[in-house]
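One structure below.
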Amino acid sequence: MEKTKAVPQTDCDKECKFLFGSEFKTMVYYQPMYDKQGNLISKDGNTISGACNCIVCNKHWTYICAHDNTNFTEWSK
Ligand SMILES: [Zn+2]
């Protein structure tokens with residue numbers, strides 16, 4: 001489990017706490033490529049999608065994560 005995670009940007013003035021549900025990750029294998037220093041230079045093209053909600057203000061988001069960028073979409077009930 002990662003220590004930090006991308007969370008939704010919210011204008012909520014409360015101490016938001018985001019509860020994440022189960023995630024779905026595409027499982028395509030991308031061959032990793034490294035430079036001379038051993039740094040990973042290829043990108044994993046898999047995407048992770050899921051949903052979360054703020055237990056303080058009761059807002060919901062779905063998100064999709066690709067290339068370390070997470071896009072949140074708020075949805076209202
Ligand atoms: Zn909130």
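Letters for chains follow the order of the structure tokens (A, B, ...), residue numbers begin at 1 for each chain, and ligand numbers begin at 1 in the order shown.
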
Exercise for review: Show me which residues sit within 9 Å of ligand 1 when counting only C-alpha atoms and all ligand atoms, and put them as a list of chain:residue names.
Suggested key: A:Thr10, A:Asp11, A:Cys12, A:Asp13, A:Lys14, A:Glu15, A:Cys16, A:Lys17, A:Phe18, A:Asn53, A:Cys54, A:Ile55, A:Val56, A:Cys57, A:Asn58, A:Lys59

Please save N, CA and C atoms of the selected residues as a PDB file, in the first residue's frame.
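Once everything was written out, this is part_9.pdb:
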```
ATOM      1  N   THR A  10     -10.749  19.345  -3.715  1.00  0.00           N
ATOM      2  CA  THR A  10     -12.091  19.738  -3.303  1.00  0.00           C
ATOM      3  C   THR A  10     -12.044  21.100  -2.632  1.00  0.00           C
ATOM      4  N   ASP A  11     -13.092  21.859  -2.794  1.00  0.00           N
ATOM      5  CA  ASP A  11     -13.157  23.174  -2.152  1.00  0.00           C
ATOM      6  C   ASP A  11     -13.804  23.073  -0.771  1.00  0.00           C
ATOM      7  N   CYS A  12     -13.976  21.858  -0.334  1.00  0.00           N
ATOM      8  CA  CYS A  12     -14.543  21.612   0.988  1.00  0.00           C
ATOM      9  C   CYS A  12     -13.618  22.232   2.053  1.00  0.00           C
ATOM     10  N   ASP A  13     -14.189  22.941   3.025  1.00  0.00           N
ATOM     11  CA  ASP A  13     -13.357  23.570   4.052  1.00  0.00           C
ATOM     12  C   ASP A  13     -13.227  22.683   5.292  1.00  0.00           C
ATOM     13  N   LYS A  14     -13.686  21.444   5.199  1.00  0.00           N
ATOM     14  CA  LYS A  14     -13.560  20.523   6.330  1.00  0.00           C
ATOM     15  C   LYS A  14     -12.319  19.655   6.160  1.00  0.00           C
ATOM     16  N   GLU A  15     -12.026  18.885   7.208  1.00  0.00           N
ATOM     17  CA  GLU A  15     -10.905  17.942   7.141  1.00  0.00           C
ATOM     18  C   GLU A  15     -11.370  16.690   6.408  1.00  0.00           C
ATOM     19  N   CYS A  16     -11.288  16.759   5.087  1.00  0.00           N
ATOM     20  CA  CYS A  16     -11.808  15.663   4.273  1.00  0.00           C
ATOM     21  C   CYS A  16     -11.013  14.382   4.508  1.00  0.00           C
ATOM     22  N   LYS A  17     -11.727  13.279   4.516  1.00  0.00           N
ATOM     23  CA  LYS A  17     -11.089  11.964   4.575  1.00  0.00           C
ATOM     24  C   LYS A  17     -11.696  11.121   3.474  1.00  0.00           C
ATOM     25  N   PHE A  18     -10.818  10.664   2.607  1.00  0.00           N
ATOM     26  CA  PHE A  18     -11.292   9.965   1.416  1.00  0.00           C
ATOM     27  C   PHE A  18     -11.175   8.461   1.596  1.00  0.00           C
ATOM     28  N   ASN A  53     -14.955   8.174  -1.897  1.00  0.00           N
ATOM     29  CA  ASN A  53     -15.876   9.177  -1.379  1.00  0.00           C
ATOM     30  C   ASN A  53     -15.298   9.815  -0.135  1.00  0.00           C
ATOM     31  N   CYS A  54     -15.719  11.038   0.095  1.00  0.00           N
ATOM     32  CA  CYS A  54     -15.310  11.762   1.295  1.00  0.00           C
ATOM     33  C   CYS A  54     -16.308  11.426   2.392  1.00  0.00           C
ATOM     34  N   ILE A  55     -15.796  10.856   3.488  1.00  0.00           N
ATOM     35  CA  ILE A  55     -16.695  10.450   4.561  1.00  0.00           C
ATOM     36  C   ILE A  55     -17.123  11.644   5.410  1.00  0.00           C
ATOM     37  N   VAL A  56     -16.484  12.803   5.177  1.00  0.00           N
ATOM     38  CA  VAL A  56     -16.840  13.995   5.944  1.00  0.00           C
ATOM     39  C   VAL A  56     -17.969  14.759   5.250  1.00  0.00           C
ATOM     40  N   CYS A  57     -17.802  15.032   3.951  1.00  0.00           N
ATOM     41  CA  CYS A  57     -18.836  15.812   3.257  1.00  0.00           C
ATOM     42  C   CYS A  57     -19.650  14.967   2.282  1.00  0.00           C
ATOM     43  N   ASN A  58     -19.374  13.665   2.229  1.00  0.00           N
ATOM     44  CA  ASN A  58     -20.233  12.735   1.501  1.00  0.00           C
ATOM     45  C   ASN A  58     -20.286  12.993  -0.009  1.00  0.00           C
ATOM     46  N   LYS A  59     -19.161  13.432  -0.565  1.00  0.00           N
ATOM     47  CA  LYS A  59     -19.072  13.573  -2.024  1.00  0.00           C
ATOM     48  C   LYS A  59     -18.445  12.314  -2.602  1.00  0.00           C
TER      49      LYS A  59
END
```

Point to revise | Expected answer as an NGL selection string: strand (DSSP E or B) residues in chain A | key: :A and (18-20 or 24-25 or 34 or 40 or 47-54 or 60-66 or 69-75)

Saved selection, atoms kept: C-alpha atoms, as a PDB file, in the first residue's frame:
```
ATOM      1  CA  PHE A  18     -11.292   9.965   1.416  1.00  0.00           C
ATOM      2  CA  LEU A  19     -12.332   6.354   1.531  1.00  0.00           C
ATOM      3  CA  PHE A  20     -11.217   4.358  -1.501  1.00  0.00           C
ATOM      4  CA  PHE A  24      -9.452  -2.172 -11.316  1.00  0.00           C
ATOM      5  CA  LYS A  25      -6.096  -2.259 -13.080  1.00  0.00           C
ATOM      6  CA  TYR A  34      16.164   1.551 -18.566  1.00  0.00           C
ATOM      7  CA  LEU A  40      13.227   3.407 -15.683  1.00  0.00           C
ATOM      8  CA  THR A  47      -4.691   2.336 -16.259  1.00  0.00           C
ATOM      9  CA  ILE A  48      -6.200   2.052 -12.790  1.00  0.00           C
ATOM     10  CA  SER A  49      -9.797   2.991 -12.239  1.00  0.00           C
ATOM     11  CA  GLY A  50     -11.871   3.145  -9.122  1.00  0.00           C
ATOM     12  CA  ALA A  51     -14.098   5.258  -6.953  1.00  0.00           C
ATOM     13  CA  CYS A  52     -13.778   7.049  -3.650  1.00  0.00           C
ATOM     14  CA  ASN A  53     -15.876   9.177  -1.379  1.00  0.00           C
ATOM     15  CA  CYS A  54     -15.310  11.762   1.295  1.00  0.00           C
ATOM     16  CA  HIS A  60     -18.254  10.853  -4.497  1.00  0.00           C
ATOM     17  CA  TRP A  61     -15.685  10.610  -7.234  1.00  0.00           C
ATOM     18  CA  THR A  62     -14.666   8.158  -9.865  1.00  0.00           C
ATOM     19  CA  TYR A  63     -11.120   8.275 -11.112  1.00  0.00           C
ATOM     20  CA  ILE A  64      -8.831   6.908 -13.722  1.00  0.00           C
ATOM     21  CA  CYS A  65      -5.075   6.834 -13.301  1.00  0.00           C
ATOM     22  CA  ALA A  66      -2.697   6.589 -16.245  1.00  0.00           C
ATOM     23  CA  ASN A  69      -1.741  11.158 -13.464  1.00  0.00           C
ATOM     24  CA  THR A  70      -5.055  10.659 -11.730  1.00  0.00           C
ATOM     25  CA  ASN A  71      -8.170  12.319 -13.067  1.00  0.00           C
ATOM     26  CA  PHE A  72     -11.071  12.571 -10.672  1.00  0.00           C
ATOM     27  CA  THR A  73     -14.638  13.106 -11.785  1.00  0.00           C
ATOM     28  CA  GLU A  74     -17.128  14.116  -9.165  1.00  0.00           C
ATOM     29  CA  TRP A  75     -20.524  12.555  -9.474  1.00  0.00           C
TER      30      TRP A  75
END
```

Practice item. State, in Å with one decimal place, the distance from atom CA of A:Gln9 to atom CA of A:Gly45. Key: 24.1 Å
